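Containing CSV, N, CA and C atoms and all ligand atoms: upload-v3.csv.
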chain,number,residue,atom,x,y,z
K,1,MET,N,0.9,-1.2,0.0
K,1,MET,CA,0.0,0.0,0.0
K,1,MET,C,0.9,1.2,0.0
K,2,GLU,N,0.5,2.2,-0.8
K,2,GLU,CA,1.3,3.4,-0.9
K,2,GLU,C,1.0,4.3,0.3
K,3,ASN,N,1.9,5.2,0.5
K,3,ASN,CA,1.7,6.2,1.6
K,3,ASN,C,0.4,6.9,1.4
K,4,PRO,N,-0.5,6.8,2.4
K,4,PRO,CA,-1.8,7.5,2.2
K,4,PRO,C,-1.8,9.0,2.4
K,5,SER,N,-0.7,9.6,2.7
K,5,SER,CA,-0.6,11.0,2.9
K,5,SER,C,0.2,11.7,1.8
K,6,LEU,N,0.3,11.1,0.6
K,6,LEU,CA,1.1,11.7,-0.4
K,6,LEU,C,0.6,13.1,-1.0
K,7,PHE,N,-0.6,13.5,-0.5
K,7,PHE,CA,-1.1,14.8,-1.0
K,7,PHE,C,-0.4,15.9,-0.2
K,8,MET,N,0.4,15.5,0.8
K,8,MET,CA,1.2,16.5,1.5
K,8,MET,C,2.6,16.6,1.0
K,9,VAL,N,3.1,17.8,0.7
K,9,VAL,CA,4.4,18.0,0.1
K,9,VAL,C,5.5,17.3,0.9
K,10,GLU,N,5.4,17.5,2.2
K,10,GLU,CA,6.5,17.0,3.1
K,10,GLU,C,6.6,15.5,3.0
K,11,GLU,N,5.4,14.8,2.8
K,11,GLU,CA,5.4,13.4,2.7
K,11,GLU,C,6.0,12.9,1.4
K,12,ARG,N,5.8,13.7,0.4
K,12,ARG,CA,6.4,13.4,-0.9
K,12,ARG,C,7.9,13.6,-0.9
K,13,VAL,N,8.4,14.7,-0.2
K,13,VAL,CA,9.8,14.9,-0.1
K,13,VAL,C,10.5,13.7,0.5
K,14,LYS,N,9.8,13.2,1.6
K,14,LYS,CA,10.4,12.0,2.3
K,14,LYS,C,10.6,10.8,1.5
K,15,THR,N,9.9,10.7,0.4
K,15,THR,CA,10.0,9.4,-0.5
K,15,THR,C,11.3,9.4,-1.3
K,16,PHE,N,11.9,10.6,-1.4
K,16,PHE,CA,13.1,10.7,-2.3
K,16,PHE,C,14.4,10.3,-1.4
K,17,LYS,N,14.6,9.0,-1.3
K,17,LYS,CA,15.8,8.5,-0.6
K,17,LYS,C,17.0,8.7,-1.4
K,18,ILE,N,16.9,8.4,-2.7
K,18,ILE,CA,18.0,8.6,-3.6
K,18,ILE,C,17.5,9.5,-4.8
K,19,TRP,N,18.3,10.5,-5.2
K,19,TRP,CA,17.9,11.4,-6.3
K,19,TRP,C,19.2,11.8,-7.0
K,20,PRO,N,19.2,11.8,-8.3
K,20,PRO,CA,20.5,12.1,-9.0
K,20,PRO,C,21.0,13.5,-8.9
K,21,PHE,N,20.1,14.5,-8.6
K,21,PHE,CA,20.5,15.9,-8.6
K,21,PHE,C,20.6,16.6,-7.2
K,22,SER,N,21.4,17.5,-7.1
K,22,SER,CA,21.6,18.2,-5.8
K,22,SER,C,20.6,19.4,-5.7
K,23,ASP,N,20.5,20.0,-4.6
K,23,ASP,CA,19.5,21.0,-4.3
K,23,ASP,C,19.8,22.3,-5.2
K,24,LYS,N,21.0,22.4,-5.7
K,24,LYS,CA,21.4,23.5,-6.5
K,24,LYS,C,20.8,23.4,-7.9
K,25,ASN,N,20.5,22.2,-8.3
K,25,ASN,CA,19.9,22.0,-9.7
K,25,ASN,C,18.4,22.4,-9.6
K,26,ARG,N,17.9,22.8,-10.8
K,26,ARG,CA,16.4,23.1,-10.8
K,26,ARG,C,15.6,21.9,-10.5
K,27,CYS,N,16.1,20.8,-11.0
K,27,CYS,CA,15.3,19.5,-10.9
K,27,CYS,C,15.7,18.9,-9.5
K,28,ASN,N,15.5,19.6,-8.5
K,28,ASN,CA,15.8,19.0,-7.1
K,28,ASN,C,14.6,18.4,-6.4
K,29,ILE,N,14.8,17.8,-5.3
K,29,ILE,CA,13.8,17.1,-4.6
K,29,ILE,C,12.6,18.0,-4.2
K,30,ARG,N,13.0,19.2,-3.7
K,30,ARG,CA,11.9,20.1,-3.3
K,30,ARG,C,11.0,20.5,-4.5
K,31,ASN,N,11.6,20.8,-5.6
K,31,ASN,CA,10.8,21.2,-6.8
K,31,ASN,C,10.0,20.0,-7.3
K,32,MET,N,10.6,18.8,-7.2
K,32,MET,CA,9.8,17.6,-7.6
K,32,MET,C,8.6,17.4,-6.8
K,33,ALA,N,8.8,17.5,-5.5
K,33,ALA,CA,7.7,17.3,-4.5
K,33,ALA,C,6.6,18.4,-4.7
K,34,GLU,N,7.1,19.6,-4.9
K,34,GLU,CA,6.1,20.7,-5.0
K,34,GLU,C,5.3,20.6,-6.3
K,35,ALA,N,5.9,20.0,-7.3
K,35,ALA,CA,5.2,19.8,-8.6
K,35,ALA,C,4.3,18.5,-8.6
K,36,GLY,N,4.2,17.9,-7.4
K,36,GLY,CA,3.3,16.8,-7.2
K,36,GLY,C,4.0,15.4,-7.3
K,37,PHE,N,5.3,15.3,-7.5
K,37,PHE,CA,5.9,14.0,-7.7
K,37,PHE,C,6.4,13.4,-6.4
K,38,TYR,N,6.4,12.1,-6.3
K,38,TYR,CA,7.0,11.4,-5.2
K,38,TYR,C,7.9,10.3,-5.9
K,39,SER,N,8.9,9.8,-5.2
K,39,SER,CA,9.8,8.9,-5.8
K,39,SER,C,9.3,7.5,-5.8
K,40,VAL,N,9.4,6.8,-6.9
K,40,VAL,CA,9.1,5.4,-7.0
K,40,VAL,C,10.3,4.5,-7.3
K,41,ALA,N,11.5,5.1,-7.0
K,41,ALA,CA,12.7,4.5,-7.3
K,41,ALA,C,12.9,3.2,-6.4
K,42,THR,N,13.5,2.2,-7.1
K,42,THR,CA,13.7,0.9,-6.3
K,42,THR,C,15.2,0.7,-6.1
K,43,GLY,N,16.0,1.5,-6.8
K,43,GLY,CA,17.5,1.4,-6.6
K,43,GLY,C,18.2,2.4,-7.5
K,44,GLU,N,19.5,2.2,-7.6
K,44,GLU,CA,20.3,3.1,-8.4
K,44,GLU,C,19.8,3.2,-9.9
K,45,LYS,N,19.4,2.0,-10.4
K,45,LYS,CA,19.0,2.0,-11.8
K,45,LYS,C,17.9,2.9,-12.2
K,46,ASP,N,16.9,3.0,-11.3
K,46,ASP,CA,15.8,3.9,-11.6
K,46,ASP,C,15.6,4.9,-10.6
K,47,ALA,N,16.8,5.5,-10.2
K,47,ALA,CA,16.9,6.5,-9.1
K,47,ALA,C,16.0,7.7,-9.4
K,48,ASP,N,15.7,8.0,-10.7
K,48,ASP,CA,14.9,9.2,-11.0
K,48,ASP,C,13.5,8.9,-11.4
K,49,ALA,N,13.0,7.7,-11.1
K,49,ALA,CA,11.6,7.4,-11.4
K,49,ALA,C,10.7,8.1,-10.4
K,50,ALA,N,9.8,8.9,-10.9
K,50,ALA,CA,8.9,9.6,-10.0
K,50,ALA,C,7.5,9.6,-10.6
K,51,LYS,N,6.5,9.7,-9.7
K,51,LYS,CA,5.1,9.6,-10.0
K,51,LYS,C,4.3,10.7,-9.4
K,52,CYS,N,3.3,11.2,-10.2
K,52,CYS,CA,2.4,12.2,-9.6
K,52,CYS,C,1.4,11.6,-8.6
K,53,PHE,N,1.3,12.2,-7.5
K,53,PHE,CA,0.4,11.6,-6.4
K,53,PHE,C,-1.0,11.7,-6.9
K,54,LEU,N,-1.4,12.5,-7.8
K,54,LEU,CA,-2.8,12.7,-8.2
K,54,LEU,C,-3.2,11.9,-9.5
K,55,CYS,N,-2.5,12.2,-10.6
K,55,CYS,CA,-2.8,11.6,-11.8
K,55,CYS,C,-2.1,10.3,-12.1
K,56,GLY,N,-1.1,10.0,-11.3
K,56,GLY,CA,-0.4,8.7,-11.4
K,56,GLY,C,0.6,8.7,-12.5
K,57,LYS,N,0.8,9.8,-13.2
K,57,LYS,CA,1.8,9.9,-14.3
K,57,LYS,C,3.2,9.6,-13.8
K,58,GLU,N,3.8,8.6,-14.4
K,58,GLU,CA,5.2,8.3,-14.0
K,58,GLU,C,6.2,8.8,-15.0
K,59,LEU,N,7.2,9.4,-14.6
K,59,LEU,CA,8.2,10.0,-15.5
K,59,LEU,C,9.6,9.6,-15.0
K,60,ASP,N,10.6,9.4,-15.9
K,60,ASP,CA,12.0,9.3,-15.5
K,60,ASP,C,12.8,9.9,-16.6
K,61,GLY,N,14.1,9.7,-16.6
K,61,GLY,CA,15.0,10.4,-17.6
K,61,GLY,C,15.1,11.9,-17.4
K,62,TRP,N,15.0,12.3,-16.1
K,62,TRP,CA,15.0,13.7,-15.8
K,62,TRP,C,16.4,14.3,-16.1
K,63,GLU,N,16.4,15.6,-16.5
K,63,GLU,CA,17.7,16.3,-16.7
K,63,GLU,C,17.8,17.3,-15.5
K,64,SER,N,19.1,17.6,-15.1
K,64,SER,CA,19.3,18.5,-14.0
K,64,SER,C,18.6,19.8,-14.2
K,65,THR,N,18.4,20.2,-15.4
K,65,THR,CA,17.9,21.6,-15.7
K,65,THR,C,16.4,21.6,-15.9
K,66,ASP,N,15.8,20.4,-15.8
K,66,ASP,CA,14.3,20.3,-16.0
K,66,ASP,C,13.6,21.0,-14.9
K,67,ASP,N,12.5,21.6,-15.3
K,67,ASP,CA,11.6,22.2,-14.3
K,67,ASP,C,10.4,21.2,-14.1
K,68,PRO,N,10.4,20.6,-12.9
K,68,PRO,CA,9.4,19.5,-12.7
K,68,PRO,C,8.0,19.9,-13.0
K,69,TRP,N,7.7,21.2,-12.6
K,69,TRP,CA,6.3,21.7,-12.9
K,69,TRP,C,6.0,21.7,-14.4
K,70,GLU,N,6.9,22.2,-15.2
K,70,GLU,CA,6.7,22.3,-16.6
K,70,GLU,C,6.6,20.9,-17.2
K,71,GLU,N,7.4,20.0,-16.7
K,71,GLU,CA,7.4,18.6,-17.2
K,71,GLU,C,6.0,18.0,-16.9
K,72,HIS,N,5.6,18.2,-15.7
K,72,HIS,CA,4.3,17.7,-15.3
K,72,HIS,C,3.2,18.2,-16.3
K,73,LYS,N,3.2,19.5,-16.5
K,73,LYS,CA,2.3,20.2,-17.4
K,73,LYS,C,2.3,19.6,-18.8
K,74,SER,N,3.5,19.4,-19.3
K,74,SER,CA,3.6,18.9,-20.7
K,74,SER,C,3.3,17.4,-20.9
K,75,HIS,N,3.5,16.7,-19.8
K,75,HIS,CA,3.2,15.2,-19.9
K,75,HIS,C,1.9,14.8,-19.4
K,76,ALA,N,1.2,15.6,-18.6
K,76,ALA,CA,-0.1,15.3,-18.0
K,76,ALA,C,-0.9,16.5,-17.9
K,77,ALA,N,-1.3,17.1,-19.0
K,77,ALA,CA,-2.0,18.3,-19.0
K,77,ALA,C,-3.4,18.2,-18.3
K,78,ARG,N,-3.9,17.0,-18.3
K,78,ARG,CA,-5.3,16.8,-17.7
K,78,ARG,C,-5.3,16.5,-16.2
K,79,CYS,N,-4.1,16.5,-15.6
K,79,CYS,CA,-4.0,16.2,-14.2
K,79,CYS,C,-4.7,17.4,-13.5
K,80,ALA,N,-5.5,17.1,-12.5
K,80,ALA,CA,-6.3,18.1,-11.8
K,80,ALA,C,-5.4,19.1,-11.0
K,81,PHE,N,-4.2,18.6,-10.6
K,81,PHE,CA,-3.3,19.4,-9.9
K,81,PHE,C,-2.6,20.4,-10.8
K,82,VAL,N,-2.3,19.9,-12.0
K,82,VAL,CA,-1.7,20.7,-13.1
K,82,VAL,C,-2.7,21.8,-13.5
K,83,GLN,N,-4.0,21.4,-13.6
K,83,GLN,CA,-5.0,22.3,-14.1
K,83,GLN,C,-5.2,23.5,-13.1
K,84,LEU,N,-5.0,23.3,-11.8
K,84,LEU,CA,-5.1,24.4,-10.9
K,84,LEU,C,-4.1,25.5,-11.2
K,85,GLY,N,-3.0,25.0,-11.8
K,85,GLY,CA,-1.9,25.9,-12.3
K,85,GLY,C,-1.2,26.7,-11.2
K,86,LYS,N,-1.2,26.1,-10.0
K,86,LYS,CA,-0.5,26.8,-8.9
K,86,LYS,C,0.4,25.8,-8.1
K,87,LYS,N,1.5,26.3,-7.6
K,87,LYS,CA,2.3,25.4,-6.8
K,87,LYS,C,1.6,25.3,-5.5
K,88,HIS,N,2.0,24.2,-4.8
K,88,HIS,CA,1.3,23.8,-3.5
K,88,HIS,C,1.2,25.0,-2.5
K,89,ASP,N,2.2,25.8,-2.3
K,89,ASP,CA,2.2,26.8,-1.3
K,89,ASP,C,1.2,28.0,-1.7
K,90,ASP,N,0.9,28.0,-3.0
K,90,ASP,CA,0.0,29.1,-3.5
K,90,ASP,C,-1.5,28.7,-3.5
K,91,LEU,N,-1.7,27.4,-3.2
K,91,LEU,CA,-3.1,27.0,-3.2
K,91,LEU,C,-4.0,27.6,-2.1
K,92,LEU,N,-5.2,27.9,-2.5
K,92,LEU,CA,-6.1,28.4,-1.4
K,92,LEU,C,-6.7,27.1,-0.8
K,93,LEU,N,-7.2,27.3,0.4
K,93,LEU,CA,-7.7,26.1,1.2
K,93,LEU,C,-8.7,25.3,0.4
K,94,PRO,N,-9.7,25.9,-0.2
K,94,PRO,CA,-10.7,25.1,-1.0
K,94,PRO,C,-10.1,24.4,-2.1
K,95,GLU,N,-9.0,25.0,-2.7
K,95,GLU,CA,-8.3,24.3,-3.8
K,95,GLU,C,-7.6,23.1,-3.3
K,96,TYR,N,-6.9,23.3,-2.2
K,96,TYR,CA,-6.2,22.2,-1.6
K,96,TYR,C,-7.1,21.1,-1.2
K,97,LEU,N,-8.2,21.4,-0.6
K,97,LEU,CA,-9.2,20.4,-0.2
K,97,LEU,C,-9.8,19.6,-1.4
K,98,SER,N,-9.9,20.3,-2.5
K,98,SER,CA,-10.4,19.6,-3.7
K,98,SER,C,-9.4,18.6,-4.2
K,99,ILE,N,-8.1,19.0,-4.0
K,99,ILE,CA,-7.1,18.1,-4.4
K,99,ILE,C,-7.1,16.8,-3.5
K,100,VAL,N,-7.2,17.1,-2.2
K,100,VAL,CA,-7.2,16.0,-1.3
K,100,VAL,C,-8.4,15.1,-1.5
K,101,LYS,N,-9.5,15.7,-1.8
K,101,LYS,CA,-10.7,14.9,-2.1
K,101,LYS,C,-10.5,14.0,-3.4
K,102,GLN,N,-9.9,14.6,-4.4
K,102,GLN,CA,-9.7,13.9,-5.6
K,102,GLN,C,-8.7,12.8,-5.4
K,103,TYR,N,-7.7,13.0,-4.5
K,103,TYR,CA,-6.7,12.0,-4.2
K,103,TYR,C,-7.4,10.8,-3.5
K,104,MET,N,-8.3,11.1,-2.6
K,104,MET,CA,-9.0,10.1,-1.9
K,104,MET,C,-10.0,9.3,-2.8
K,105,ILE,N,-10.6,10.0,-3.7
K,105,ILE,CA,-11.5,9.3,-4.7
K,105,ILE,C,-10.6,8.4,-5.5
K,106,ASN,N,-9.5,8.8,-6.0
K,106,ASN,CA,-8.6,8.0,-6.8
K,106,ASN,C,-8.2,6.8,-5.9
K,107,ASP,N,-7.9,7.0,-4.7
K,107,ASP,CA,-7.5,5.9,-3.8
K,107,ASP,C,-8.6,4.9,-3.6
K,108,ILE,N,-9.8,5.3,-3.5
K,108,ILE,CA,-11.0,4.4,-3.4
K,108,ILE,C,-11.1,3.6,-4.7
K,109,LYS,N,-10.9,4.3,-5.8
K,109,LYS,CA,-11.0,3.6,-7.1
K,109,LYS,C,-10.0,2.6,-7.2
K,110,ARG,N,-8.7,2.9,-6.8
K,110,ARG,CA,-7.7,1.9,-6.8
K,110,ARG,C,-8.0,0.7,-6.0
K,111,MET,N,-8.6,0.9,-4.8
K,111,MET,CA,-9.0,-0.2,-3.9
K,111,MET,C,-10.1,-1.0,-4.6
K,112,ALA,N,-11.0,-0.3,-5.2
K,112,ALA,CA,-12.1,-1.0,-5.9
K,112,ALA,C,-11.6,-1.9,-7.0
K,113,ASP,N,-10.6,-1.4,-7.8
K,113,ASP,CA,-10.0,-2.1,-8.9
K,113,ASP,C,-9.4,-3.4,-8.3
K,114,LEU,N,-8.7,-3.2,-7.2
K,114,LEU,CA,-8.0,-4.4,-6.6
K,114,LEU,C,-9.0,-5.4,-6.2
K,115,ALA,N,-10.1,-4.9,-5.6
K,115,ALA,CA,-11.2,-5.8,-5.1
K,115,ALA,C,-11.8,-6.6,-6.3
K,116,LYS,N,-12.0,-5.8,-7.4
K,116,LYS,CA,-12.6,-6.4,-8.6
K,116,LYS,C,-11.7,-7.5,-9.1
K,117,GLU,N,-10.4,-7.2,-9.2
K,117,GLU,CA,-9.4,-8.2,-9.6
K,117,GLU,C,-9.4,-9.5,-8.7
K,118,ALA,N,-9.5,-9.2,-7.4
K,118,ALA,CA,-9.5,-10.4,-6.5
K,118,ALA,C,-10.8,-11.2,-6.7
K,119,ILE,N,-11.9,-10.5,-7.0
K,119,ILE,CA,-13.2,-11.3,-7.2
K,119,ILE,C,-13.1,-12.1,-8.5
K,120,ALA,N,-12.6,-11.4,-9.5
K,120,ALA,CA,-12.4,-12.1,-10.8
K,120,ALA,C,-11.5,-13.3,-10.7
K,121,HIS,N,-10.5,-13.2,-9.9
K,121,HIS,CA,-9.5,-14.3,-9.7
K,121,HIS,C,-10.2,-15.4,-9.0
K,122,LYS,N,-11.0,-15.1,-8.0
K,122,LYS,CA,-11.7,-16.1,-7.2
K,122,LYS,C,-12.7,-16.8,-8.1
K,123,GLN,N,-13.5,-16.0,-8.9
K,123,GLN,CA,-14.4,-16.6,-9.8
K,123,GLN,C,-13.8,-17.6,-10.7
K,124,GLU,N,-12.6,-17.2,-11.3
K,124,GLU,CA,-11.9,-18.1,-12.2
K,124,GLU,C,-11.5,-19.4,-11.5
K,125,GLU,N,-11.1,-19.2,-10.3
K,125,GLU,CA,-10.7,-20.4,-9.5
K,125,GLU,C,-11.8,-21.4,-9.3
K,126,VAL,N,-13.0,-20.8,-8.9
K,126,VAL,CA,-14.2,-21.6,-8.7
K,126,VAL,C,-14.6,-22.3,-10.0
K,127,ARG,N,-14.6,-21.5,-11.1
K,127,ARG,CA,-14.9,-22.0,-12.4
K,127,ARG,C,-14.1,-23.2,-12.8
K,128,ARG,N,-12.8,-23.0,-12.6
K,128,ARG,CA,-11.8,-24.1,-12.9
K,128,ARG,C,-12.1,-25.4,-12.1
K,129,ARG,N,-12.4,-25.1,-10.9
K,129,ARG,CA,-12.6,-26.3,-10.0
K,129,ARG,C,-13.9,-27.0,-10.5
K,130,CYS,N,-14.9,-26.3,-10.9
K,130,CYS,CA,-16.2,-26.9,-11.3
K,130,CYS,C,-16.0,-27.6,-12.6
K,131,VAL,N,-15.2,-27.0,-13.5
K,131,VAL,CA,-14.9,-27.7,-14.8
K,131,VAL,C,-14.1,-28.9,-14.6
K,132,GLY,N,-13.2,-28.9,-13.7
K,132,GLY,CA,-12.3,-30.0,-13.4
K,132,GLY,C,-13.1,-31.2,-12.8
K,133,ARG,N,-14.3,-30.9,-12.2
K,133,ARG,CA,-15.0,-31.9,-11.6
K,133,ARG,C,-15.8,-32.8,-12.5
K,134,LYS,N,-16.1,-32.3,-13.8
K,134,LYS,CA,-16.9,-33.1,-14.7
K,134,LYS,C,-16.2,-34.4,-15.1
E,201,ZN,ZN,-0.4,14.8,-12.1

Represent the structure from my file as structure tokens, please.
Amino acid sequence: MENPSLFMVEERVKTFKIWPFSDKNRCNIRNMAEAGFYSVATGEKDADAAKCFLCGKELDGWESTDDPWEEHKSHAARCAFVQLGKKHDDLLLPEYLSIVKQYMINDIKRMADLAKEAIAHKQEEVRRRCVGRK
């Protein structure tokens, strides 16, 4: 299960255990987290793999000069976070709450999808057992 608090910038910052660029680069951890990204790196090989907490867009191959916010915009223009067009600290409370709500709705959808998969899997198991009995 993913961190349930990824709608908070500080929680996203914490996910970046390894990151190829220093704070002096534009593509630093702070800017990544503020642009909605959290790290999904599993090791050195994919150290720069990051995902948007809201739209789920996953990006890698970052350059030190990239602006995470601009990259988010160009790769996921339909993301609700991108569409607000504001960085986290500039969000008004109702805007922030709408993002949190969307995040939770997405989370419920993810759980529903997992449950559907589990049910389908169970059905398939039962079906196979019944067929095997003939
Ligand atoms: Zn997004």

Item to complete: Tell me which of K:Asn28, K:Gly56, K:Ile18, K:Asp23 sits closest to ligand ZN 201 (chain E), counting only N, CA and C atoms and all ligand atoms.
Response: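 The shortest atom-to-atom distance to ligand ZN 201 (chain E) comes from K:Gly56.
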
Worksheet entry | Residues within 7 Å of ligand ZN 201 (chain E), counting all atoms listed in the file, as a ChimeraX atom specification | /K:35-36,51-57,72,76,78-82

Practice prompt. Give me the residues within 8 Å of Ala41 in chain K as a ChimeraX atom specification, counting all atoms listed in the file and dropping any in the same chain fewer than 2 places off.
Written response: /K:15-18,38-39,43-51

Item to complete: Return as a PyMOL selection string the full set of residues in chain K whose backbone-based DSSP assignment is helix (DSSP H, G or I).
Response: chain K and resi 9-15+29-34+68-75+80-84+88-90+93-133

Discussion item. DSSP on the backbone: which residues in range 5-129 of chain K end up as strand (DSSP E)? Give the answer as a list in words.
Written reply: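 Answer for range 5-129 of chain K restricted to strand (DSSP E) is Phe37, Tyr38, Ser39, Ala50, Lys51, Cys52, Glu58 and Leu59 of chain K.
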
Worksheet item: Please, what distance in Å, to one decimal, runs between CA of Phe7 in chain K and atom N of Tyr103 in chain K?
Response: 7.7 Å

Discussion item. Can you pull out the residues contacting Asp66 in chain K? Cut-off 5 Å, using only N, CA and C atoms, and skip same-chain residues under 3 positions away; I want them as a ChimeraX atom specification.
Written reply: /K:26-27,63
